[in-house]
Amino acid sequence: MTTAADSRPPPKWVAYALIGVLSLIWGSTWIVIAKGLGSLPPFTSAGARFLLAALVMALVAPSLARREGGTKPRASIWIQVGLTSFSASYAIVYWTETRLPSALTCILWSVFPMTMAVSSHLFLGHRLRGARPWIGFALGFVGVVLLYATDVRALGPEAFVAALVLLGSPLVSCYSTTLLKRDGQGVSSALVNRNGMALGAVLLCALAFVFERDAPRAWDATAVASIVYLALVGTVLGFGLYFWLLRHVPAHELSLISYLTPALAVVLGAVFGGEKLTLFTLAGCATILAGVYLVLRPAKPRG
């Protein structure tokens with residue numbers, strides 16, 4: 001049962017501090033994924049990550065759920081979250097990062113807030129009003145086209161196909177987020193996480209068994225460190241913060257993550273991954289984020 005304390009939003013400074021922490025965590029995961037993929041094939045790496053995360057969540061979720069409050073999630077909710085956010089979305093991301101630089105993958109993925117705005121307009125009653133959001137969509141589209149015509153094209157035909165496949169990841173994540181916003185009010189995010197991660201781990205490990213049984217792999221220090229960081233920090237802590245913030249923080253404040261994460265991923269990819277940044281990379285990133293800003297900026301109240 002949710003208590004009054006559980007439903008009370010956090011102070012502004014706490015919310016913004018947690019948004020900053022989450023942005024740093026998720027901005028770092030893209031380069032850490034890329035480092036791990038130097039030793040392990042994609043589905044094996046993703047499956048190991050979520051298997052460890054699911055085991056940790058199985059231990060801590062009961063305590064977190066009691067402190068957080070909220071009701072037990074229906075199976076239909078966590079199954080769909082597990083199928084989309086924790087398996088399909090990450091299977092696509094990991095596979096794509098074997099073909100695209102981590103920063104470019106993150107920038108292209110940053111169209112997610114715009115897909116979420118459309119979904120909220122259609123299914124959650126959060127209407128898009130005025131010309132500004134539609135200008136934002138146009139800018140975002142221009143930014144994506146610019147990256148496809150320059151950076152992606154320069155990497156070759158295989159990279160172009162991978163970049164197209166990547167767009168499926170924010171779409172399926174948009175579906176699960178919409179589902180949680182619509183049907184998950186008052187539901188324990190800790191239990192949704194635990195169950196969804198467990199299902200995601202099973203499905204990703206199944207993909208690894210089917211497609212990567214004979215693929216070369218090295219369980220070296222880089223691979224293990226990548227899995228541990230991504231499981232404990234990027235997944236257990238990251239998604240725990242995100243789903244908690246999703247319940248307590250207004251959408252326009254939570255959208256700050258959408259601006260900070262790709263910018264941090266670009267910097268970290270260049271500094272720690274040696275990834276080359278072109279003017280087109282920066283221009284495409286800036287154009288997409290400008291579009292996101294126009295779409296998500298709260299409308300002024302009519303007075």
# chains A, B, ... in the order shown; residues from 1 in each chain; ligands from 1
$ residues_around --residues "segment 27-37 of chain A" --least-positions-apart "4" --cutoff "6 Å" --atoms "only C-alpha atoms" --output "CSV table (one decimal) with C-alpha atoms, in the first residue's frame"
chain,number,residue,atom,x,y,z
A,23,SER,CA,22.5,11.3,-16.7
A,41,PRO,CA,29.8,-11.0,-28.6
A,102,SER,CA,29.2,4.4,-29.1
A,223,ALA,CA,34.7,-7.9,-20.1
A,226,SER,CA,32.1,-3.9,-18.1
A,261,THR,CA,23.1,11.8,-21.7
A,264,LEU,CA,28.1,13.1,-22.0
A,265,ALA,CA,28.3,10.1,-24.2
A,269,GLY,CA,33.5,8.3,-26.3
$ residues_around --residues "Asp151 of chain A" --least-positions-apart "2" --cutoff "10 Å" --atoms "only C-alpha atoms" --output "list of chain:residue names"
A:Leu100, A:Pro101, A:Leu104, A:Leu146, A:Leu147, A:Tyr148, A:Ala149, A:Arg153, A:Ala154, A:Leu155, A:Gly156, A:Ala159, A:Phe160, A:Leu277, A:Thr278, A:Leu279, A:Phe280, A:Thr281, A:Gly284
$ atom_distance --atom1 "atom CA of Leu296 of chain A" --atom2 "atom CA of Phe112 of chain A"
11.4 Å
$ select_by_dssp --residues "segment 43-265 of chain A" --states "alpha helix (DSSP H)" --output "PyMOL selection string"
chain A and resi 43-68+75-83+89-97+102-109+112-119+132-147+153-155+157-166+168-183+189-211+221-229+238-248+251-254+256-265
$ residues_around --residues "Arg127 of chain A" --least-positions-apart "6" --cutoff "10 Å" --atoms "only C-alpha atoms" --output "NGL selection string"
:A and (117-121)
$ atom_distance --atom1 "atom CA of Leu245 of chain A" --atom2 "atom CA of Asp183 of chain A"
16.3 Å
$ closest_residue --among "A:Ala138, A:Ala131, A:Ala162, A:Ile77" --to "Thr98 of chain A" --atoms "only C-alpha atoms"
A:Ala162
$ residues_around --residues "Phe137 of chain A" --least-positions-apart "4" --cutoff "10 Å" --atoms "only C-alpha atoms" --output "list in words"
Val111, Met114, Thr115, Ala117, Val118, Arg132, Pro133, Phe141, Val142, Gly143, Ile288, Ala290, Gly291, Val292, Tyr293, Leu294 and Val295 of chain A
$ residues_around --residues "Leu83 of chain A" --least-positions-apart "2" --cutoff "12 Å" --atoms "only C-alpha atoms" --output "list in words"
Ala75, Ser76, Ile77, Trp78, Ile79, Gln80, Val81, Ser85, Phe86, Ser87, Ala88, Ser89, Tyr90, Ala91, Ser169, Val172, Ser173, Tyr175, Ser176, Asn195, Gly196, Met197, Ala198, Leu199, Gly200, Ala201, Val202, Leu203 and Leu204 of chain A
$ closest_residue --among "A:Pro73, A:Pro62, A:Pro157, A:Gly82" --to "Val187 of chain A" --atoms "only C-alpha atoms"
A:Pro73
$ residues_around --residues "Ala206 of chain A" --least-positions-apart "6" --cutoff "10 Å" --atoms "only C-alpha atoms" --output "JSON list (two decimals) with C-alpha atoms, in the first residue's frame"
[["chain", "number", "residue", "atom", "x", "y", "z"],
["A", 43, "PHE", "CA", 24.00, -11.03, -26.87],
["A", 44, "THR", "CA", 26.43, -12.82, -24.53],
["A", 47, "GLY", "CA", 22.74, -11.50, -21.25],
["A", 200, "GLY", "CA", 15.14, -9.89, -20.13],
["A", 212, "GLU", "CA", 26.65, -17.07, -30.47]]
$ atom_distance --atom1 "atom CA of Leu59 of chain A" --atom2 "atom CA of Lys72 of chain A"
16.5 Å
$ closest_residue --among "A:Ser39, A:Thr84, A:Ser188, A:Thr178" --to "Ala65 of chain A" --atoms "only C-alpha atoms"
A:Ser188
$ closest_residue --among "A:His126, A:Pro216, A:Gly168, A:Arg194" --to "Lys181 of chain A" --atoms "only C-alpha atoms"
A:His126
$ residues_around --residues "Ile257 of chain A" --least-positions-apart "5" --cutoff "8 Å" --atoms "only C-alpha atoms" --output "MDAnalysis selection string"
chainID A and resid 19:20 22:23
$ closest_residue --among "A:Trp26, A:Arg67, A:Ala103, A:Thr222" --to "Gly274 of chain A" --atoms "only C-alpha atoms"
A:Ala103
